[in-house]
Structures are given as C-alpha cells and as structure tokens.
file my_file28.txt (compact mmCIF, C-alpha atoms)
# COMPACT_ATOMS: atom_id res chain seq x y z
CA VAL A 1 91.89 68.46 -77.27
CA ASN A 2 91.59 72.12 -76.36
CA GLU A 3 94.96 73.01 -77.90
CA GLY A 4 94.05 71.14 -81.07
CA LEU A 5 90.78 73.01 -81.42
CA LYS A 6 92.38 76.38 -80.57
CA ASN A 7 94.95 75.84 -83.30
CA ASN A 8 92.44 74.30 -85.72
CA ASP A 9 94.38 71.06 -85.73
CA LEU A 10 91.89 68.22 -86.06
CA GLU A 11 94.52 65.49 -85.73
CA ARG A 12 95.77 66.98 -82.47
CA ALA A 13 92.20 67.16 -81.16
CA LYS A 14 91.62 63.50 -82.06
CA THR A 15 94.87 62.51 -80.36
CA GLY A 16 93.81 64.47 -77.28
CA ILE A 17 90.49 62.64 -77.11
CA ILE A 18 92.26 59.29 -77.38
CA LYS A 19 94.62 60.30 -74.58
CA ILE A 20 91.77 61.48 -72.35
CA ARG A 21 89.83 58.31 -73.08
CA GLY A 22 92.85 56.30 -71.95
CA ASN A 23 93.01 58.35 -68.75
CA VAL A 24 89.31 57.83 -68.09
CA GLY A 25 89.80 54.10 -68.68
CA GLY A 26 92.69 54.15 -66.20
CA ILE A 27 90.53 55.88 -63.60
CA ASN A 28 87.78 53.34 -64.19
CA GLY A 29 90.30 50.51 -63.77
CA SER A 30 91.49 52.02 -60.50
CA LEU A 31 87.92 52.38 -59.30
CA ASN A 32 87.26 48.74 -60.15
CA TRP A 33 90.02 47.77 -57.74
CA LEU A 34 88.18 49.73 -55.04
CA PHE A 35 84.86 47.95 -55.61
CA TYR A 36 84.66 46.97 -51.94
CA LEU A 37 84.01 50.66 -51.11
CA ARG A 38 80.47 50.37 -52.39
CA PHE A 39 79.63 48.22 -49.36
CA ILE A 40 80.86 50.82 -46.87
CA PRO A 41 77.93 53.09 -45.93
CA PHE A 42 79.63 56.49 -46.10
CA ALA A 43 82.15 55.77 -48.85
CA GLY A 44 79.80 53.74 -51.03
CA SER A 45 77.80 56.69 -52.31
CA TYR A 46 80.96 58.62 -53.23
CA TYR A 47 82.31 55.54 -55.00
CA ALA A 48 79.04 55.26 -56.95
CA ASP A 49 79.26 58.94 -57.91
CA ALA A 50 82.80 58.47 -59.19
CA LYS A 51 81.66 55.53 -61.31
CA HIS A 52 78.76 57.60 -62.69
CA PHE A 53 81.11 60.46 -63.61
CA VAL A 54 83.55 58.09 -65.31
CA ALA A 55 80.75 56.49 -67.33
CA ALA A 56 79.36 59.91 -68.27
CA PHE A 57 82.77 61.17 -69.39
CA ASP A 58 83.20 58.05 -71.50
CA TYR A 59 79.87 58.69 -73.25
CA GLU A 60 80.79 62.36 -73.77
CA LEU A 61 84.13 61.36 -75.31
CA ALA A 62 82.37 58.90 -77.62
CA ALA A 63 80.13 61.75 -78.77
CA ALA A 64 83.15 64.02 -79.30
CA GLU A 65 84.83 61.35 -81.43
CA LYS A 66 81.68 61.08 -83.56
CA ILE A 67 81.59 64.86 -84.05
CA LEU A 68 85.22 64.87 -85.17
CA LYS A 69 84.42 62.09 -87.67
CA VAL A 70 81.67 64.30 -89.11
CA ILE A 71 84.08 67.23 -89.38
CA GLU A 72 86.94 65.19 -90.88
CA PRO A 73 85.76 65.12 -94.53
CA ASN A 74 85.17 68.88 -94.40
CA LYS A 75 88.25 69.89 -92.43
CA GLN A 76 89.74 72.07 -95.19
CA GLU A 77 86.46 73.87 -95.81
CA LEU A 78 85.96 74.38 -92.07
CA GLY A 79 89.46 75.78 -91.57
CA PHE A 80 91.04 72.85 -89.73
CA THR A 81 94.39 73.35 -91.41
CA GLY A 82 96.56 73.55 -88.30
CA GLN A 83 96.74 77.35 -88.45
CA PRO A 84 95.04 79.58 -85.87
CA ILE A 85 92.16 81.64 -87.22
CA PRO A 86 91.85 85.31 -86.24
CA GLY A 87 89.07 86.15 -83.78
CA GLN A 88 86.74 87.80 -86.28
CA ASP A 89 86.89 84.74 -88.56
CA ARG A 90 86.27 82.25 -85.74
CA ILE A 91 82.57 83.13 -85.62
CA ALA A 92 82.24 82.37 -89.32
CA GLN A 93 84.11 79.11 -88.74
CA MET A 94 81.78 78.14 -85.87
CA VAL A 95 78.73 78.88 -88.01
CA LYS A 96 80.08 76.60 -90.76
CA ILE A 97 80.83 73.88 -88.20
CA LEU A 98 77.29 74.13 -86.80
CA ASP A 99 75.91 73.88 -90.32
CA LYS A 100 77.85 70.62 -90.92
CA VAL A 101 77.41 69.05 -87.49
CA LEU A 102 73.75 69.78 -86.70
CA PRO A 103 72.32 67.38 -89.30
CA GLN A 104 74.35 64.64 -87.59
CA VAL A 105 73.30 65.46 -84.00
CA SER A 106 71.02 62.41 -83.93
CA VAL A 107 74.20 60.31 -84.06
CA ILE A 108 75.52 61.74 -80.79
CA GLU A 109 72.20 62.26 -79.02
CA PRO A 110 72.07 58.73 -77.50
CA ASP A 111 75.55 59.15 -75.99
CA MET A 112 74.64 62.54 -74.58
CA LYS A 113 71.45 61.11 -73.05
CA LYS A 114 73.36 58.25 -71.44
CA ALA A 115 75.87 60.71 -69.99
CA ALA A 116 73.09 62.93 -68.62
CA ASP A 117 71.33 59.89 -67.15
CA GLU A 118 74.54 58.86 -65.38
CA VAL A 119 75.04 62.23 -63.68
CA ALA A 120 71.34 62.58 -62.84
CA ARG A 121 71.95 59.95 -60.18
CA ILE A 122 74.47 62.15 -58.36
CA ASP A 123 73.27 64.07 -55.30
CA VAL A 124 75.49 67.15 -55.14
CA SER A 125 74.10 68.28 -51.79
CA LYS A 126 75.96 65.54 -49.91
CA TYR A 127 79.31 67.05 -50.84
CA PRO A 128 80.91 69.54 -48.46
CA GLU A 129 81.16 73.14 -49.64
CA LYS A 130 84.93 73.01 -49.10
CA TYR A 131 87.57 70.52 -48.16
CA GLY A 132 90.48 72.57 -46.92
CA SER A 133 90.82 75.37 -49.43
CA THR A 134 89.31 73.35 -52.29
CA LYS A 135 85.75 74.07 -53.31
CA VAL A 136 84.24 70.63 -53.65
CA ARG A 137 80.47 70.97 -54.05
CA SER A 138 80.65 73.71 -56.67
CA ARG A 139 83.12 71.70 -58.79
CA VAL A 140 80.97 68.57 -58.65
CA ASP A 141 77.94 70.70 -59.50
CA GLU A 142 79.75 72.34 -62.45
CA ALA A 143 80.77 68.97 -63.89
CA LYS A 144 77.24 67.62 -63.50
CA ASN A 145 75.71 70.75 -65.06
CA PHE A 146 78.15 70.71 -67.98
CA ILE A 147 77.15 67.16 -68.90
CA THR A 148 73.46 67.84 -68.40
CA GLY A 149 73.77 71.10 -70.40
CA ALA A 150 75.39 69.32 -73.33
CA HIS A 151 72.45 66.94 -73.49
CA TYR A 152 70.04 69.87 -73.24
CA ALA A 153 71.83 71.61 -76.14
CA VAL A 154 71.44 68.65 -78.50
CA THR A 155 67.82 67.99 -77.55
CA ARG A 156 65.76 70.91 -76.31
CA ALA A 157 67.96 73.75 -77.62
CA ARG A 158 68.43 72.07 -81.00
CA PRO A 159 65.92 74.30 -82.84
CA ALA A 160 67.85 77.39 -81.72
CA LEU A 161 71.13 75.83 -82.81
CA GLU A 162 69.63 74.93 -86.18
CA ALA A 163 68.46 78.52 -86.70
CA ALA A 164 71.82 80.01 -85.67
CA PRO A 165 73.76 79.56 -88.95
CA GLN A 166 71.10 81.26 -91.04
CA ALA A 167 70.58 84.00 -88.44
CA LEU A 168 74.33 84.62 -88.39
CA GLY A 169 74.53 84.96 -92.16
CA HIS A 170 75.32 81.49 -93.49
CA PRO A 171 75.12 80.81 -96.40
CA ASP A 172 73.72 84.25 -97.31
CA SER A 173 74.79 87.37 -95.41
CA LYS A 174 72.21 89.22 -93.35
CA ASN A 175 71.73 92.84 -92.40
CA TYR A 176 70.02 93.63 -89.12

call {"tool": "encode", "arguments": {"input": "my_file28.txt", "output": "structure tokens"}}
result
Amino acid sequence: VNEGLKNNDLERAKTGIIKIRGNVGGINGSLNWLFYLRFIPFAGSYYADAKHFVAAFDYELAAAEKILKVIEPNKQELGFTGQPIPGQDRIAQMVKILDKVLPQVSVIEPDMKKAADEVARIDVSKYPEKYGSTKVRSRVDEAKNFITGAHYAVTRARPALEAAPQALGHPDSKNY
C-alpha cells in the first residue's frame, strides 16, 4: 500500500490493501484455532487483545478501501498516474485529495468508530515494557493510538481538515 501511494499508483495501493486484508484474515483464522486460550487466566486477556486488534485492522482496511473507491474516478486529476510527484507538488496533491475525500468521510466514519471501539478495550499497562530487546508496551500503545487517532481525525478534527484545503490555497491561491 505504502509503495503504491508513494509512487501515486492507485492500483498498486488497492492490491496492497487486498494482500494485507488476506494476511489479517489469516491471522484471524490462526487465532480462531487458539480459541481455548481465552479460558486460560493469564493468556486469555492477551488472546482477547489480539482479536480486538485484528478486528480493528479489518475495519481500518475497509475504510481504506472505501477511500480508494472515492479517489478512483478522480485519479488522473489527483495525480495517481503511476509516476512519483516531486515534493513541492505533493502538498498540492494532498490538498486536492482532502477536497475530494472529506465530503465522503461519513462513509468511513462507522468503520473508524468500530475500530476505535475495538482497541478501547485493550489495557496497554498489562504489557511488559520490554521482552528481551523488543519494546512491547510502546508498540502496542502506538498501534492503539494510531487507530484511535484515525477515528479522532474523521470526527473531532474534521472541521480543521475541512478548512485545510481552502487555507492552503485550494481552489484559489492565498497570500499570508
């Protein structure tokens, strides 16, 4: 997905989402085989957290697919031609994308809420700071905050996002 978006290749981004969705489905299938863990006192809460993260990621991917469907009819206008865009032009591209996507945010808002509700059930404090040399708690916290932040952006920060294109000079340039 990231490579597709970096190179302004919408088809590659869509393929990436499909691939990730398959991976998330595979993880969910593996977790389903481990359902007995939920009855084990210590392991059960970690199993539940894994299920919450998988469900949240699935909702986030559904929202991403909906955003790409909104972009699809305007991909030429938005610069999704498969060619990288120079840095200075990427801001203009992002402003145009915001202008097209923001009116459709209500379509993805329910998915983002469901994802945020899933991760709200996760207690990060029960995770160890580190396991060996791997930082565990901070990674779990980052994932949870990313999902919660995405929901915040499409709900509470929406007015700021809606004002951004005009403030950044779209459709009429601005002098500050």

call {"tool": "atom_distance", "arguments": {"input": "my_file28.txt", "atom1": "atom CA of A:Thr148", "atom2": "atom CA of A:Tyr59"}}
result
12.2 Å

call {"tool": "atom_distance", "arguments": {"input": "my_file28.txt", "atom1": "atom CA of A:Gly79", "atom2": "atom CA of A:Ile91"}}
result
11.7 Å

call {"tool": "closest_residue", "arguments": {"input": "my_file28.txt", "among": "A:Val140, A:Ala48, A:Ile147, A:Val101", "to": "A:Val70", "atoms": "all atoms listed in the file"}}
result
A:Val101

call {"tool": "closest_atom_pairs", "arguments": {"input": "my_file28.txt", "of": "stretch 72-137 of chain A", "to": "stretch 6-10 of chain A", "cutoff": "10 Å", "atoms": "all atoms listed in the file", "output": "tab-separated table"}}
result
residue	atom	partner	partner_atom	distance
A:Glu72	CA	A:Leu10	CA	7.5
A:Lys75	CA	A:Leu10	CA	7.5
A:Leu78	CA	A:Asn8	CA	9.1
A:Gly79	CA	A:Asn8	CA	6.7
A:Phe80	CA	A:Asn8	CA	4.5
A:Thr81	CA	A:Asn8	CA	6.1
A:Gly82	CA	A:Asp9	CA	4.2
A:Gln83	CA	A:Asn7	CA	5.7
A:Pro84	CA	A:Asn7	CA	4.5
A:Ile85	CA	A:Asn8	CA	7.5
A:Arg90	CA	A:Lys6	CA	9.9

call {"tool": "atom_distance", "arguments": {"input": "my_file28.txt", "atom1": "atom CA of A:Phe146", "atom2": "atom CA of A:Glu65"}}
result
17.7 Å

call {"tool": "residues_near_point", "arguments": {"input": "my_file28.txt", "point": "(78.0, 77.5, -87.3)", "cutoff": "12 Å", "atoms": "all atoms listed in the file", "output": "PyMOL selection string"}}
result
chain A and resi 78+89-103+160-171

call {"tool": "write_last_selection", "arguments": {"input": "my_file28.txt", "atoms": "C-alpha atoms", "output": "PDB file, keeping the file's coordinate frame"}}
result
ATOM      1  CA  LEU A  78      85.960  74.380 -92.070  1.00  0.00           C
ATOM      2  CA  ASP A  89      86.890  84.740 -88.560  1.00  0.00           C
ATOM      3  CA  ARG A  90      86.270  82.250 -85.740  1.00  0.00           C
ATOM      4  CA  ILE A  91      82.570  83.130 -85.620  1.00  0.00           C
ATOM      5  CA  ALA A  92      82.240  82.370 -89.320  1.00  0.00           C
ATOM      6  CA  GLN A  93      84.110  79.110 -88.740  1.00  0.00           C
ATOM      7  CA  MET A  94      81.780  78.140 -85.870  1.00  0.00           C
ATOM      8  CA  VAL A  95      78.730  78.880 -88.010  1.00  0.00           C
ATOM      9  CA  LYS A  96      80.080  76.600 -90.760  1.00  0.00           C
ATOM     10  CA  ILE A  97      80.830  73.880 -88.200  1.00  0.00           C
ATOM     11  CA  LEU A  98      77.290  74.130 -86.800  1.00  0.00           C
ATOM     12  CA  ASP A  99      75.910  73.880 -90.320  1.00  0.00           C
ATOM     13  CA  LYS A 100      77.850  70.620 -90.920  1.00  0.00           C
ATOM     14  CA  VAL A 101      77.410  69.050 -87.490  1.00  0.00           C
ATOM     15  CA  LEU A 102      73.750  69.780 -86.700  1.00  0.00           C
ATOM     16  CA  PRO A 103      72.320  67.380 -89.300  1.00  0.00           C
ATOM     17  CA  ALA A 160      67.850  77.390 -81.720  1.00  0.00           C
ATOM     18  CA  LEU A 161      71.130  75.830 -82.810  1.00  0.00           C
ATOM     19  CA  GLU A 162      69.630  74.930 -86.180  1.00  0.00           C
ATOM     20  CA  ALA A 163      68.460  78.520 -86.700  1.00  0.00           C
ATOM     21  CA  ALA A 164      71.820  80.010 -85.670  1.00  0.00           C
ATOM     22  CA  PRO A 165      73.760  79.560 -88.950  1.00  0.00           C
ATOM     23  CA  GLN A 166      71.100  81.260 -91.040  1.00  0.00           C
ATOM     24  CA  ALA A 167      70.580  84.000 -88.440  1.00  0.00           C
ATOM     25  CA  LEU A 168      74.330  84.620 -88.390  1.00  0.00           C
ATOM     26  CA  GLY A 169      74.530  84.960 -92.160  1.00  0.00           C
ATOM     27  CA  HIS A 170      75.320  81.490 -93.490  1.00  0.00           C
ATOM     28  CA  PRO A 171      75.120  80.810 -96.400  1.00  0.00           C
TER      29      PRO A 171
END

call {"tool": "closest_residue", "arguments": {"input": "my_file28.txt", "among": "A:Ser125, A:Asn23, A:Thr155, A:Gln76", "to": "A:Met112", "atoms": "all atoms listed in the file"}}
result
A:Thr155

call {"tool": "closest_residue", "arguments": {"input": "my_file28.txt", "among": "A:Ile67, A:Ala50, A:Ala56, A:Ala153", "to": "A:Asp123", "atoms": "all atoms listed in the file"}}
result
A:Ala50

call {"tool": "closest_residue", "arguments": {"input": "my_file28.txt", "among": "A:Glu11, A:Asp58, A:Asp172, A:Glu129", "to": "A:Asn28", "atoms": "all atoms listed in the file"}}
result
A:Asp58

call {"tool": "closest_residue", "arguments": {"input": "my_file28.txt", "among": "A:Lys174, A:Val154, A:Ala62, A:Leu31", "to": "A:Ser106", "atoms": "all atoms listed in the file"}}
result
A:Val154

call {"tool": "residues_around", "arguments": {"input": "my_file28.txt", "residues": "stretch 35-45 of chain A", "least_positions_apart": "2", "cutoff": "12 Å", "atoms": "only C-alpha atoms", "output": "list in words"}}
result
Asn28, Gly29, Ser30, Leu31, Asn32, Trp33, Tyr47, Ala48, Asp49, Ala50, Lys51, His52, Arg121, Ile122, Asp123, Val124, Lys126 and Tyr127 of chain A

call {"tool": "write_last_selection", "arguments": {"input": "my_file28.txt", "atoms": "C-alpha atoms", "output": "PDB file, keeping the file's coordinate frame"}}
result
ATOM      1  CA  ASN A  28      87.780  53.340 -64.190  1.00  0.00           C
ATOM      2  CA  GLY A  29      90.300  50.510 -63.770  1.00  0.00           C
ATOM      3  CA  SER A  30      91.490  52.020 -60.500  1.00  0.00           C
ATOM      4  CA  LEU A  31      87.920  52.380 -59.300  1.00  0.00           C
ATOM      5  CA  ASN A  32      87.260  48.740 -60.150  1.00  0.00           C
ATOM      6  CA  TRP A  33      90.020  47.770 -57.740  1.00  0.00           C
ATOM      7  CA  TYR A  47      82.310  55.540 -55.000  1.00  0.00           C
ATOM      8  CA  ALA A  48      79.040  55.260 -56.950  1.00  0.00           C
ATOM      9  CA  ASP A  49      79.260  58.940 -57.910  1.00  0.00           C
ATOM     10  CA  ALA A  50      82.800  58.470 -59.190  1.00  0.00           C
ATOM     11  CA  LYS A  51      81.660  55.530 -61.310  1.00  0.00           C
ATOM     12  CA  HIS A  52      78.760  57.600 -62.690  1.00  0.00           C
ATOM     13  CA  ARG A 121      71.950  59.950 -60.180  1.00  0.00           C
ATOM     14  CA  ILE A 122      74.470  62.150 -58.360  1.00  0.00           C
ATOM     15  CA  ASP A 123      73.270  64.070 -55.300  1.00  0.00           C
ATOM     16  CA  VAL A 124      75.490  67.150 -55.140  1.00  0.00           C
ATOM     17  CA  LYS A 126      75.960  65.540 -49.910  1.00  0.00           C
ATOM     18  CA  TYR A 127      79.310  67.050 -50.840  1.00  0.00           C
TER      19      TYR A 127
END

call {"tool": "closest_residue", "arguments": {"input": "my_file28.txt", "among": "A:Val105, A:Glu118, A:Glu142, A:Thr15", "to": "A:Ala157", "atoms": "all atoms listed in the file"}}
result
A:Val105

call {"tool": "decode", "arguments": {"input": "my_file28.txt", "residues": "stretch 32-149 of chain A", "atoms": "C-alpha atoms", "output": "tab-separated table (two decimals), in the first residue's frame"}}
result
chain	number	residue	atom	x	y	z
A	32	ASN	CA	-9.60	-18.93	15.90
A	33	TRP	CA	-7.66	-22.18	16.20
A	34	LEU	CA	-6.31	-20.92	19.53
A	35	PHE	CA	-9.75	-20.13	20.95
A	36	TYR	CA	-9.07	-22.29	24.01
A	37	LEU	CA	-6.56	-19.64	25.19
A	38	ARG	CA	-9.40	-17.36	26.22
A	39	PHE	CA	-10.17	-19.74	29.09
A	40	ILE	CA	-6.63	-19.61	30.47
A	41	PRO	CA	-6.43	-16.77	33.03
A	42	PHE	CA	-3.11	-15.19	32.02
A	43	ALA	CA	-3.21	-15.91	28.29
A	44	GLY	CA	-6.90	-15.15	27.82
A	45	SER	CA	-6.56	-11.39	28.06
A	46	TYR	CA	-3.71	-11.34	25.53
A	47	TYR	CA	-5.75	-13.54	23.20
A	48	ALA	CA	-8.68	-11.11	23.52
A	49	ASP	CA	-6.38	-8.17	22.75
A	50	ALA	CA	-5.10	-9.91	19.62
A	51	LYS	CA	-8.69	-10.49	18.47
A	52	HIS	CA	-9.52	-6.82	19.13
A	53	PHE	CA	-6.51	-5.66	17.10
A	54	VAL	CA	-7.38	-7.98	14.21
A	55	ALA	CA	-10.98	-6.73	14.16
A	56	ALA	CA	-9.80	-3.11	14.33
A	57	PHE	CA	-7.34	-3.60	11.47
A	58	ASP	CA	-10.10	-5.18	9.40
A	59	TYR	CA	-12.35	-2.13	9.96
A	60	GLU	CA	-9.46	0.22	9.12
A	61	LEU	CA	-8.78	-1.67	5.89
A	62	ALA	CA	-12.47	-1.49	4.96
A	63	ALA	CA	-12.28	2.29	5.44
A	64	ALA	CA	-9.12	2.48	3.32
A	65	GLU	CA	-10.83	0.55	0.52
A	66	LYS	CA	-13.75	3.00	0.63
A	67	ILE	CA	-11.37	5.97	0.41
A	68	LEU	CA	-9.65	4.46	-2.62
A	69	LYS	CA	-13.06	3.97	-4.27
A	70	VAL	CA	-13.75	7.68	-3.75
A	71	ILE	CA	-10.38	8.58	-5.28
A	72	GLU	CA	-10.69	6.18	-8.24
A	73	PRO	CA	-12.91	8.34	-10.51
A	74	ASN	CA	-10.60	11.31	-9.93
A	75	LYS	CA	-7.27	9.50	-10.10
A	76	GLN	CA	-5.98	11.43	-13.14
A	77	GLU	CA	-6.93	14.79	-11.65
A	78	LEU	CA	-5.37	13.83	-8.31
A	79	GLY	CA	-2.11	12.70	-9.91
A	80	PHE	CA	-2.46	8.94	-9.44
A	81	THR	CA	-0.79	8.18	-12.76
A	82	GLY	CA	1.88	5.80	-11.50
A	83	GLN	CA	4.57	8.50	-11.60
A	84	PRO	CA	6.15	9.93	-8.44
A	85	ILE	CA	5.32	13.56	-7.77
A	86	PRO	CA	8.08	15.96	-6.67
A	87	GLY	CA	7.99	17.03	-3.02
A	88	GLN	CA	6.75	20.57	-3.62
A	89	ASP	CA	3.80	19.26	-5.66
A	90	ARG	CA	2.83	16.60	-3.09
A	91	ILE	CA	1.28	19.22	-0.81
A	92	ALA	CA	-0.93	20.44	-3.64
A	93	GLN	CA	-1.85	16.82	-4.37
A	94	MET	CA	-2.76	16.18	-0.71
A	95	VAL	CA	-4.92	19.30	-0.64
A	96	LYS	CA	-6.81	18.09	-3.73
A	97	ILE	CA	-7.23	14.64	-2.19
A	98	LEU	CA	-8.59	16.16	1.02
A	99	ASP	CA	-11.01	18.25	-1.03
A	100	LYS	CA	-12.36	15.10	-2.76
A	101	VAL	CA	-12.33	12.74	0.22
A	102	LEU	CA	-13.69	14.94	3.02
A	103	PRO	CA	-17.25	15.11	1.68
A	104	GLN	CA	-17.26	11.30	1.78
A	105	VAL	CA	-15.88	10.93	5.33
A	106	SER	CA	-19.32	9.96	6.61
A	107	VAL	CA	-18.95	6.77	4.58
A	108	ILE	CA	-15.85	5.67	6.50
A	109	GLU	CA	-16.76	7.11	9.90
A	110	PRO	CA	-18.68	3.99	11.09
A	111	ASP	CA	-15.70	1.74	10.28
A	112	MET	CA	-13.32	4.08	12.08
A	113	LYS	CA	-15.61	4.14	15.13
A	114	LYS	CA	-15.81	0.35	15.22
A	115	ALA	CA	-12.02	0.13	15.01
A	116	ALA	CA	-11.58	2.66	17.83
A	117	ASP	CA	-14.15	0.81	19.94
A	118	GLU	CA	-12.25	-2.45	19.46
A	119	VAL	CA	-8.92	-1.03	20.66
A	120	ALA	CA	-10.54	0.90	23.51
A	121	ARG	CA	-10.94	-2.47	25.23
A	122	ILE	CA	-7.17	-3.05	25.30
A	123	ASP	CA	-5.33	-2.32	28.54
A	124	VAL	CA	-1.80	-1.39	27.47
A	125	SER	CA	-0.50	-1.25	31.05
A	126	LYS	CA	-0.54	-5.05	31.39
A	127	TYR	CA	2.13	-5.41	28.72
A	128	PRO	CA	5.77	-5.51	29.79
A	129	GLU	CA	7.95	-2.56	28.81
A	130	LYS	CA	10.32	-4.95	27.04
A	131	TYR	CA	10.54	-8.59	26.17
A	132	GLY	CA	14.20	-9.25	25.54
A	133	SER	CA	15.35	-6.35	23.41
A	134	THR	CA	11.89	-5.75	21.90
A	135	LYS	CA	9.86	-2.84	23.20
A	136	VAL	CA	6.43	-4.34	23.69
A	137	ARG	CA	4.26	-1.85	25.57
A	138	SER	CA	5.22	1.13	23.44
A	139	ARG	CA	4.44	-0.76	20.21
A	140	VAL	CA	1.04	-1.88	21.47
A	141	ASP	CA	0.37	1.67	22.64
A	142	GLU	CA	1.41	3.12	19.24
A	143	ALA	CA	-0.90	0.75	17.37
A	144	LYS	CA	-3.79	1.56	19.69
A	145	ASN	CA	-3.15	5.31	19.44
A	146	PHE	CA	-2.90	5.19	15.64
A	147	ILE	CA	-6.33	3.58	15.36
A	148	THR	CA	-7.86	5.89	17.96
A	149	GLY	CA	-6.21	8.91	16.27
